[in-house]
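Shown next: input13.cif, given as mmCIF, C-alpha atoms.
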```cif
data_my_file
#
loop_
_atom_site.label_atom_id
_atom_site.label_comp_id
_atom_site.auth_asym_id
_atom_site.auth_seq_id
_atom_site.Cartn_x
_atom_site.Cartn_y
_atom_site.Cartn_z
CA MET A 13 0.00 0.00 0.00
CA ASP A 14 1.27 3.43 -0.84
CA TYR A 15 1.06 6.71 1.09
CA GLN A 16 -2.07 8.05 -0.62
CA SER A 17 -4.08 4.87 -0.11
CA ILE A 18 -3.46 5.09 3.63
CA HIS A 19 -3.63 8.84 4.31
CA GLY A 20 -5.52 10.11 1.28
CA GLN A 21 -4.54 12.94 -1.00
CA ASP A 22 -1.55 14.81 0.41
CA ILE A 23 -2.17 18.55 0.17
CA ALA A 24 1.07 19.38 1.99
CA SER A 25 3.27 17.58 -0.57
CA PHE A 26 4.86 15.26 1.99
CA ASP A 27 5.00 12.48 -0.61
CA LEU A 28 7.15 14.41 -3.06
CA THR A 29 10.71 13.26 -3.57
CA SER A 30 11.97 16.85 -3.64
CA THR A 31 13.20 18.29 -0.35
CA HIS A 32 11.75 21.72 -1.17
CA ARG A 33 8.04 22.20 -0.57
CA LEU A 34 7.91 25.87 -1.55
CA PRO A 35 9.54 27.80 -4.38
CA THR A 36 12.97 28.90 -3.22
CA VAL A 37 14.15 32.52 -3.33
CA SER A 38 17.75 33.49 -2.79
CA ALA A 39 18.64 35.73 0.15
CA ALA A 40 19.95 38.42 -2.18
CA GLN A 41 16.71 38.44 -4.17
CA ALA A 42 14.59 38.56 -1.02
CA LEU A 43 16.66 41.45 0.33
CA GLU A 44 16.38 43.36 -2.93
CA ASP A 45 12.61 42.82 -3.02
CA LEU A 46 12.41 44.15 0.53
CA GLY A 47 14.33 47.30 -0.37
CA THR A 48 12.41 48.03 -3.57
CA ASP A 49 8.88 47.64 -2.20
CA PRO A 50 7.49 51.18 -1.74
CA ARG A 51 4.83 49.91 0.67
CA ARG A 52 7.56 49.24 3.23
CA PHE A 53 8.56 52.91 3.55
CA ILE A 54 7.06 56.21 4.68
CA SER A 55 8.51 59.17 2.81
CA THR A 56 9.83 62.27 4.58
CA SER A 57 9.39 64.45 1.43
CA LEU A 58 13.19 64.87 1.32
CA GLU A 59 14.16 62.68 -1.64
CA THR A 60 17.89 62.49 -1.00
CA PHE A 61 17.35 61.83 2.68
CA ASP A 62 14.81 59.10 1.87
CA HIS A 63 17.40 57.29 -0.24
CA ALA A 64 19.89 57.49 2.64
CA LEU A 65 17.35 55.86 4.97
CA ASN A 66 17.05 52.86 2.62
CA ASP A 67 20.27 51.03 3.44
CA VAL A 68 19.06 47.82 1.79
CA ILE A 69 19.93 48.93 -1.75
CA GLY A 70 22.11 51.93 -0.89
CA GLU A 71 21.86 55.64 -1.62
CA SER A 72 23.85 55.46 -4.88
CA SER A 73 22.16 52.33 -6.24
CA SER A 74 20.63 52.45 -9.71
CA VAL A 75 17.97 49.84 -8.92
CA LEU A 76 14.49 50.97 -9.90
CA PRO A 77 12.16 51.57 -8.25
CA HIS A 78 14.25 53.24 -5.53
CA PRO A 79 11.88 54.01 -2.64
CA GLY A 80 13.03 55.34 0.68
CA GLY A 81 12.01 56.78 4.01
CA LEU A 82 11.28 55.37 7.43
CA GLN A 83 10.68 51.64 7.39
CA LYS A 84 7.56 50.10 8.86
CA GLY A 85 7.83 47.58 11.67
CA GLN A 86 10.36 49.68 13.61
CA VAL A 87 10.52 52.16 16.47
CA VAL A 88 12.05 55.46 15.31
CA GLU A 89 13.15 58.26 17.63
CA ILE A 90 13.41 61.86 16.38
CA TRP A 91 15.00 64.20 18.91
CA GLY A 92 16.41 67.70 19.01
CA PRO A 93 16.28 71.03 20.84
CA PRO A 94 13.13 73.19 20.87
CA GLY A 95 12.40 74.82 17.52
CA SER A 96 14.41 72.30 15.50
CA GLY A 97 11.35 71.05 13.57
CA LYS A 98 10.38 67.81 15.31
CA THR A 99 6.63 68.43 15.19
CA ALA A 100 6.84 69.66 11.59
CA PHE A 101 8.73 66.49 10.68
CA GLY A 102 6.09 64.33 12.33
CA VAL A 103 3.24 66.23 10.65
CA GLN A 104 4.91 65.70 7.27
CA LEU A 105 5.18 61.96 7.90
CA ALA A 106 1.51 61.85 8.89
CA ALA A 107 0.43 63.77 5.78
CA ASN A 108 2.42 61.49 3.46
CA THR A 109 0.91 58.41 5.11
CA LEU A 110 -2.63 59.77 4.83
CA CYS A 111 -2.10 60.50 1.14
CA GLN A 112 -1.41 56.79 0.64
CA GLY A 113 -4.86 55.94 2.04
CA GLU A 114 -3.48 54.52 5.31
CA LYS A 115 -4.44 55.35 8.89
CA VAL A 116 -2.36 57.50 11.23
CA ILE A 117 -2.53 57.75 15.03
CA TRP A 118 -1.23 60.93 16.66
CA VAL A 119 -0.70 60.85 20.43
CA ASP A 120 -0.22 64.22 22.14
CA GLY A 121 1.70 64.68 25.36
CA PHE A 122 1.58 68.26 26.65
CA HIS A 123 0.72 70.34 23.58
CA PRO A 124 -1.91 69.28 21.00
CA VAL A 125 -1.11 69.28 17.31
CA SER A 126 -2.60 72.11 15.27
CA PRO A 127 -5.39 70.82 12.98
CA GLY A 128 -5.00 73.84 10.70
CA ARG A 129 -1.31 73.15 10.28
CA LEU A 130 -2.00 69.52 9.43
CA HIS A 131 -4.66 70.61 6.93
CA ASP A 132 -2.18 72.86 5.11
CA VAL A 133 0.40 70.08 4.87
CA ILE A 134 -2.19 67.56 3.62
CA THR A 135 -3.44 70.01 1.01
CA SER A 136 0.10 70.66 -0.20
CA ALA A 137 0.86 66.93 -0.37
CA LEU A 138 -2.42 66.34 -2.21
CA HIS A 139 -1.53 68.88 -4.89
CA SER A 140 2.04 67.63 -5.27
CA SER A 141 1.06 63.97 -5.66
CA SER A 142 1.14 62.53 -9.17
CA ALA A 143 -2.10 62.16 -11.07
CA SER A 144 -1.39 58.48 -11.83
CA THR A 145 -1.76 57.48 -8.18
CA ALA A 146 -5.19 57.37 -6.59
CA THR A 147 -5.02 59.83 -3.70
CA PRO A 148 -7.89 59.90 -1.18
CA SER A 149 -9.85 63.10 -0.74
CA ILE A 150 -9.35 65.31 2.29
CA GLU A 151 -12.59 64.03 3.84
CA GLU A 152 -11.35 60.46 3.58
CA GLN A 153 -8.00 61.43 5.04
CA LYS A 154 -9.74 63.07 8.00
CA LYS A 155 -11.43 59.78 8.82
CA ASN A 156 -8.08 58.00 8.70
CA PHE A 157 -6.53 60.37 11.26
CA LEU A 158 -7.02 59.37 14.91
CA HIS A 159 -6.02 61.89 17.57
CA TYR A 160 -5.47 60.96 21.22
CA ARG A 161 -4.62 63.10 24.22
CA THR A 162 -2.51 61.48 26.96
CA PRO A 163 -1.78 63.98 29.75
CA THR A 164 0.24 61.46 31.80
CA LEU A 165 2.52 58.53 31.17
CA ALA A 166 -0.11 56.17 32.60
CA HIS A 167 -2.55 57.24 29.88
CA LEU A 168 0.04 56.50 27.20
CA ILE A 169 0.83 53.05 28.59
CA SER A 170 -2.84 52.12 28.79
CA LEU A 171 -3.39 53.30 25.21
CA LEU A 172 -0.45 51.69 23.39
CA CYS A 173 0.76 48.88 25.61
CA LYS A 174 -2.60 47.10 25.70
CA PRO A 175 -4.45 48.58 22.71
CA THR A 176 -8.00 47.67 21.80
CA GLY A 177 -9.29 47.13 18.29
CA ASN A 178 -10.86 50.58 18.21
CA ALA A 179 -7.82 52.36 19.65
CA VAL A 180 -5.36 50.99 17.06
CA PRO A 181 -7.19 49.89 13.87
CA SER A 182 -5.87 46.98 11.86
CA ASP A 183 -4.83 49.08 8.84
CA THR A 184 -2.76 51.62 10.82
CA SER A 185 0.66 52.35 9.30
CA LEU A 186 2.03 55.19 11.46
CA ILE A 187 1.91 56.11 15.15
CA VAL A 188 3.43 59.43 16.23
CA VAL A 189 4.01 60.03 19.96
CA ASP A 190 4.76 63.70 20.62
CA THR A 191 6.87 64.89 23.61
CA LEU A 192 7.23 61.46 25.21
CA SER A 193 10.28 62.64 27.15
CA SER A 194 8.17 65.28 28.91
CA LEU A 195 5.71 62.64 30.08
CA VAL A 196 8.54 60.46 31.40
CA ASN A 197 10.30 63.31 33.19
CA TYR A 198 7.02 64.50 34.70
CA ALA A 199 6.24 61.02 36.02
CA PHE A 200 9.80 60.45 37.25
CA PRO A 201 11.42 63.84 37.95
CA ARG A 202 15.15 64.04 38.36
CA ASN A 203 15.02 66.25 41.43
CA PHE A 204 13.06 63.81 43.57
CA GLU A 205 13.38 63.93 47.34
CA ALA A 206 15.95 61.87 49.15
CA ARG A 207 14.88 58.30 49.63
CA ARG A 208 13.66 57.51 53.09
CA SER A 209 13.14 54.20 54.79
CA GLN A 210 10.82 52.79 52.13
CA LYS A 211 10.59 49.31 50.75
CA GLY A 212 10.84 48.42 47.09
CA PRO A 213 12.85 49.99 44.28
CA GLY A 214 13.58 53.71 44.22
CA PRO A 215 12.44 56.24 41.61
CA SER A 216 15.45 55.61 39.34
CA ALA A 217 14.87 51.86 39.32
CA ARG A 218 11.15 52.30 38.64
CA ARG A 219 11.96 54.69 35.79
CA LEU A 220 14.19 52.07 34.15
CA GLN A 221 11.55 49.38 34.61
CA VAL A 222 8.86 51.53 33.00
CA LEU A 223 11.13 52.47 30.10
CA GLN A 224 12.06 48.84 29.50
CA PHE A 225 8.42 47.78 29.53
CA LEU A 226 7.38 50.66 27.28
CA ILE A 227 10.04 50.18 24.61
CA SER A 228 9.60 46.39 24.50
CA THR A 229 5.83 46.81 24.08
CA LEU A 230 6.27 49.39 21.33
CA GLN A 231 8.68 47.03 19.56
CA LYS A 232 6.11 44.23 19.63
CA LEU A 233 3.37 46.56 18.45
CA ALA A 234 5.48 47.79 15.53
CA ALA A 235 6.66 44.32 14.49
CA THR A 236 3.38 42.42 14.82
CA ARG A 237 1.19 45.12 13.24
CA ASP A 238 3.76 46.34 10.67
CA ILE A 239 3.55 49.91 12.02
CA CYS A 240 6.18 52.61 12.08
CA VAL A 241 6.20 54.04 15.62
CA VAL A 242 7.77 57.52 15.64
CA ILE A 243 8.70 59.08 18.99
CA LEU A 244 9.36 62.82 19.15
CA SER A 245 11.65 63.57 22.08
CA GLN A 246 13.34 66.58 23.64
CA CYS A 247 17.03 66.90 24.49
CA ALA A 248 19.11 67.14 27.65
CA THR A 249 22.61 68.36 28.49
CA ARG A 250 25.43 66.09 29.63
CA MET A 251 28.83 67.27 30.81
CA GLN A 252 31.73 65.34 29.27
CA HIS A 253 35.35 65.57 30.31
CA GLU A 254 36.80 66.05 26.83
CA HIS A 255 33.98 67.80 24.96
CA GLY A 256 32.31 69.81 27.70
CA ALA A 257 28.54 70.27 27.53
CA THR A 258 26.90 68.01 24.94
CA LEU A 259 23.28 67.66 23.86
CA ILE A 260 21.87 64.14 24.15
CA PRO A 261 18.36 62.66 23.88
CA ALA A 262 16.24 63.31 26.95
CA ILE A 263 15.62 59.55 27.29
CA ASN A 264 19.07 57.96 27.28
CA ALA A 265 18.78 54.72 29.24
CA GLY A 266 20.58 51.61 27.97
CA THR A 267 17.38 49.57 27.74
CA TRP A 268 15.77 52.34 25.71
CA GLU A 269 18.74 52.51 23.36
CA GLN A 270 18.49 48.81 22.53
CA GLY A 271 14.85 49.10 21.47
CA ILE A 272 15.34 52.07 19.11
CA ALA A 273 15.93 50.83 15.56
CA THR A 274 16.49 54.23 13.91
CA ARG A 275 17.37 57.56 15.52
CA LEU A 276 17.31 60.94 13.77
CA VAL A 277 18.61 64.21 15.20
CA LEU A 278 17.31 67.65 14.20
CA PHE A 279 19.01 71.00 14.77
CA ARG A 280 19.33 74.47 13.25
CA ASP A 281 22.39 76.23 11.91
CA TRP A 282 23.44 79.25 9.85
CA ILE A 283 24.20 79.16 6.14
CA VAL A 284 25.21 81.76 3.55
CA GLU A 285 23.01 81.91 0.46
CA SER A 286 23.10 84.75 -2.08
CA GLU A 287 25.45 86.65 0.24
CA LYS A 288 22.83 86.55 2.99
CA VAL A 289 23.06 84.69 6.27
CA HIS A 290 19.96 82.84 7.45
CA ASP A 291 19.19 79.74 9.43
CA VAL A 292 17.89 76.41 8.14
CA HIS A 293 16.96 73.09 9.69
CA PHE A 294 19.17 70.04 9.46
CA VAL A 295 18.48 66.33 9.96
CA GLY A 296 21.06 63.61 10.43
CA ILE A 297 21.09 59.86 11.03
CA GLN A 298 22.60 58.60 14.28
CA LYS A 299 21.29 55.05 14.10
CA LEU A 300 19.79 53.16 11.16
CA ASN A 301 18.13 49.74 11.36
CA GLY A 302 19.86 48.89 14.62
CA LYS A 303 23.36 49.99 13.50
CA ALA A 304 24.98 53.07 15.02
CA THR A 305 26.45 55.58 12.58
CA PRO A 306 30.27 55.83 12.73
CA GLY A 307 31.30 59.15 14.18
CA GLY A 308 27.98 59.70 15.95
CA ILE A 309 26.13 61.29 13.02
CA SER A 310 25.95 60.82 9.27
CA ARG A 311 25.87 63.44 6.56
CA VAL A 312 23.26 66.06 7.40
CA TYR A 313 20.46 67.19 5.08
CA ALA A 314 19.07 70.72 5.07
CA PHE A 315 15.40 71.67 4.86
CA THR A 316 13.08 74.53 5.68
CA VAL A 317 9.71 74.48 7.42
CA GLN A 318 6.97 76.20 5.44
CA SER A 319 3.19 76.37 5.75
CA GLY A 320 2.82 73.51 3.26
CA GLY A 321 5.33 71.23 5.01
CA ILE A 322 9.08 70.70 4.95
CA VAL A 323 11.00 71.56 1.78
CA ASN A 324 14.45 70.34 0.78
CA VAL A 325 17.31 72.86 0.57
CA ASP A 326 20.21 72.26 -1.81
CA LEU A 327 23.48 73.32 -0.24
CA ASP A 328 27.04 73.47 -1.48
CA GLU A 329 28.84 70.81 0.53
CA ASN A 330 32.21 72.45 -0.19
CA GLN A 331 31.11 75.64 1.55
CA PRO A 332 33.12 76.14 4.77
CA SER A 333 31.36 76.44 8.08
CA LEU A 334 30.78 79.87 9.53
CA PRO A 335 33.07 80.67 12.47
CA LEU A 336 31.34 81.65 15.66
CA SER A 337 33.86 84.42 16.28
CA PRO A 338 36.55 85.93 14.03
CA SER A 339 39.03 85.93 16.88
CA PRO A 340 39.31 84.04 20.16
CA ASN A 341 37.80 85.72 23.17
CA LEU A 342 40.66 86.86 25.35
CA LYS A 343 40.07 88.03 28.88
CA ARG A 344 40.63 91.77 29.25
CA LYS A 345 41.25 93.94 32.23
CA LEU A 346 38.60 96.40 33.37
CA SER A 347 40.79 99.37 32.49
CA GLN A 348 40.95 98.20 28.86
CA THR A 349 37.18 98.27 28.41
CA ASP A 350 34.62 101.05 28.12
CA PHE A 351 32.57 99.79 31.03
CA GLU A 352 31.49 102.35 33.57
CA VAL A 353 31.41 101.63 37.26
CA ALA A 354 28.34 102.96 39.03
CA ASP A 355 28.98 105.67 41.57
CA SER A 356 25.89 104.85 43.59
CA GLU A 357 23.17 102.25 43.85
CA GLY A 358 20.68 104.53 42.10
CA GLU A 359 22.58 104.67 38.82
CA ASP A 360 21.04 102.65 35.99
CA TYR A 361 24.27 101.77 34.19
CA GLY A 362 23.13 103.58 31.03
CA TRP A 363 19.87 101.62 30.70
CA GLU A 364 17.09 103.79 29.26
CA GLU A 365 13.36 103.19 29.48
CA GLU A 366 13.12 103.11 25.69
CA ASP A 367 15.47 100.14 25.64
CA GLU A 368 12.76 97.89 27.08
CA LEU A 369 10.57 98.56 24.06
CA GLU A 370 13.39 97.52 21.75
CA MET A 371 13.87 94.19 23.50
CA PRO A 372 12.76 91.28 21.25
CA SER A 373 9.90 89.11 22.40
CA MET A 374 10.31 85.51 23.46
CA PRO A 375 11.17 83.37 20.40
CA PRO A 376 8.54 80.81 19.40
CA GLN A 377 10.90 77.87 19.83
CA TRP A 378 11.00 78.52 23.59
CA GLN A 379 7.37 77.51 23.82
CA GLY A 380 8.34 73.86 23.37
CA SER A 381 11.12 73.76 25.92
CA GLU A 382 10.89 71.03 28.46
CA ASP A 383 11.33 73.31 31.46
CA ILE A 384 8.27 75.36 30.53
CA LEU A 385 6.25 72.24 29.79
CA LEU A 386 7.03 70.62 33.09
CA GLY A 387 6.28 73.80 35.00
CA GLN A 388 2.83 74.26 33.48
CA ALA A 389 1.70 70.67 33.66
CA GLU A 390 0.19 70.92 37.12
CA ASP A 391 -1.85 74.02 36.29
CA ASP A 392 -3.11 72.86 32.93
CA GLU A 393 -4.23 69.34 33.80
CA VAL A 394 -7.26 68.72 36.02
CA GLN A 395 -7.59 65.20 37.35
CA THR A 396 -11.08 63.80 38.06
CA GLU A 397 -12.01 61.70 41.07
CA GLU A 398 -13.33 58.86 38.94
CA GLY A 399 -9.82 58.20 37.57
CA SER A 400 -7.98 58.99 34.40
CA GLU A 401 -9.07 57.79 31.03
CA VAL A 402 -7.66 58.23 27.57
CA GLN A 403 -9.38 61.00 25.68
CA SER A 404 -9.93 59.83 22.11
CA VAL A 405 -10.87 62.64 19.77
CA ARG A 406 -11.11 62.38 16.03
CA LEU A 407 -9.87 65.28 14.05
CA GLU A 408 -13.33 66.30 12.88
CA ASP A 409 -14.51 66.55 16.53
CA SER A 410 -11.90 69.17 17.48
CA PRO A 411 -12.84 72.89 17.47
CA ALA A 412 -10.57 73.68 14.52
CA HIS A 413 -10.99 70.52 12.48
CA LEU A 414 -9.98 70.03 8.89
CA GLY A 415 -13.49 70.41 7.55
CA SER A 416 -13.91 73.94 8.90
CA ASP A 417 -10.50 74.94 7.60
CA LEU A 418 -11.33 73.55 4.18
CA ALA A 419 -14.68 75.38 4.14
CA GLY A 420 -12.99 78.62 5.15
CA ALA A 421 -10.40 78.21 2.44
CA ASN A 422 -13.13 77.77 -0.18
CA GLY A 423 -14.99 80.85 1.05
CA VAL A 424 -18.12 79.00 2.19
#
```

Let me see the file written as structure tokens.
Amino acid sequence: MDYQSIHGQDIASFDLTSTHRLPTVSAAQALEDLGTDPRRFISTSLETFDHALNDVIGESSSVLPHPGGLQKGQVVEIWGPPGSGKTAFGVQLAANTLCQGEKVIWVDGFHPVSPGRLHDVITSALHSSSASTATPSIEEQKKNFLHYRTPTLAHLISLLCKPTGNAVPSDTSLIVVDTLSSLVNYAFPRNFEARRSQKGPGPSARRLQVLQFLISTLQKLAATRDICVVILSQCATRMQHEHGATLIPAINAGTWEQGIATRLVLFRDWIVESEKVHDVHFVGIQKLNGKATPGGISRVYAFTVQSGGIVNVDLDENQPSLPLSPSPNLKRKLSQTDFEVADSEGEDYGWEEEDELEMPSMPPQWQGSEDILLGQAEDDEVQTEEGSEVQSVRLEDSPAHLGSDLAGANGV
């Protein structure tokens, strides 16, 4: 008796003499298919930078198609000082994802995202998209945008660490968590009181445990649901013996570092263009697909933040950097300066009342600083006695939703 007479028709091909049950694909071919599939990437609207993020086929590869951007299934951290363009970068990623007909989840920490700003970026991306691709309308993109407000770290953990079907839909491709570092520092402040005779781990140990649990859960969520989880984080200052004060990510624990697959840094600097000095935004790669960049940062890419999103800036790479000072600052004696010493306590040292009117106002980038955020958190948030619960608000339910902005733009 043969195999089929005993077990019936074999649908799994166990009776075949060949050792291969499925068509074989070489590792090189599978890797190339992975790097050329545009559905695996979320564009940043910076074409050259997108190609640098696709390390599978390389930036200078001639393979077509040559997609690029942030890869799905990973946890990406974007950090930088206030005013460097982190929120604008996240809004651009959300707009590009919505234009592909996919869902986006935006999680706010301390400051909510501006619906009008998102509307302008979506409209600009809608007009710049090619006519050959089917782009959803703005109304359809509004339905694909889910907006959550998490005033504390506990709200964020309950939302993303154990998500429900309604909280994170099945066809979600991008999750943006804004100002996560502020939520962590507010829950576990650095200047906590001295530990008394208490049992259990201290605040530092609990902070590490929460960070380890949070990053491991975000990794599982990104890998199992094929979602790109983008974390927008602030920066902190660390004193180093050789380099002095250095900016580092606000969340810099070892367990957190292991869970981050890609890390981007944003900053601003001065450039000379048409004999005029002005500032632009820069983005660089510090870690890509789990591999740290040699030297700490890769080649940086310049861009500007406009009302319609971020726009690439072409710079001359051979242009030398601008010196901070034409000559070194040497310490001078008081007699060598023009400073006047006050004769009495009532003298104003030459300060006039009109000088106060000439003082510039607070720059807008200060509004996102972590110190201001942490100081206003207690006054802005009102906790209820019934407990905290995640506030889920769709974009069309907010006071300045996309529909009203679109109607105003059309003159209705």

Target residues per the PyMOL selection byres ((chain A and resi 249) around 8), formatted as a list in words: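 So the PyMOL selection byres ((chain A and resi 249) around 8) ends up selecting Cys247, Ala248, Arg250, Met251, Ala257, Thr258, Leu259 and Ile260 of chain A.
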
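Residue nearest Asn178 in chain A, chosen from A:Ala106, A:Val277, A:Leu158, A:Val88 and counting all atoms listed in the file: A:Leu158.
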
Go ahead and compute the interatomic distance for CA of Asn108 in chain A and CA of Ser57 in chain A, in Å to one decimal.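 For CA of Asn108 in chain A relative to CA of Ser57 in chain A, the distance reads 7.8 Å.
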
Answer key for the PyMOL selection byres ((chain A and resi 264) around 12), residues as a ChimeraX atom specification: /A:89,91,193,196-197,219-220,223-224,245-250,259-263,265-272,275

Mind checking which residues fall within 7 Å of Gly320 in chain A, counting all atoms listed in the file, ignoring those fewer than 2 positions away in the same chain, and posting them as number ranges by chain? A: 132-133, 136, 318

Given the file above and the PyMOL selection byres ((chain A and resi 291) around 6), which residues are selected, and can you give them as a PyMOL selection string? chain A and resi 281-282+290+292

Using Å and a single decimal, report how far CA of Lys303 in chain A sits from CA of Val189 in chain A.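 CA of Lys303 in chain A lies at a distance of 22.7 Å from CA of Val189 in chain A.
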
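Distance check against Pro127 in chain A using only C-alpha atoms: of A:Pro50, A:Val180, A:Lys154, A:Val323, the minimum falls on A:Lys154.
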
How far is it from CA of Ala199 in chain A to CA of Leu165 in chain A, in Å with one decimal?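 The value is 6.6 Å.
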
Edge lengths and centre in Å to one decimal, as lines of an AutoDock Vina configuration file, is what I'm after for the box along x, y and z that holds all listed atoms of range 302-320 of chain A once 3 Å is added on each side.
```
center_x = 17.1
center_y = 62.6
center_z = 9.6
size_x = 34.5
size_y = 33.5
size_z = 18.7
```
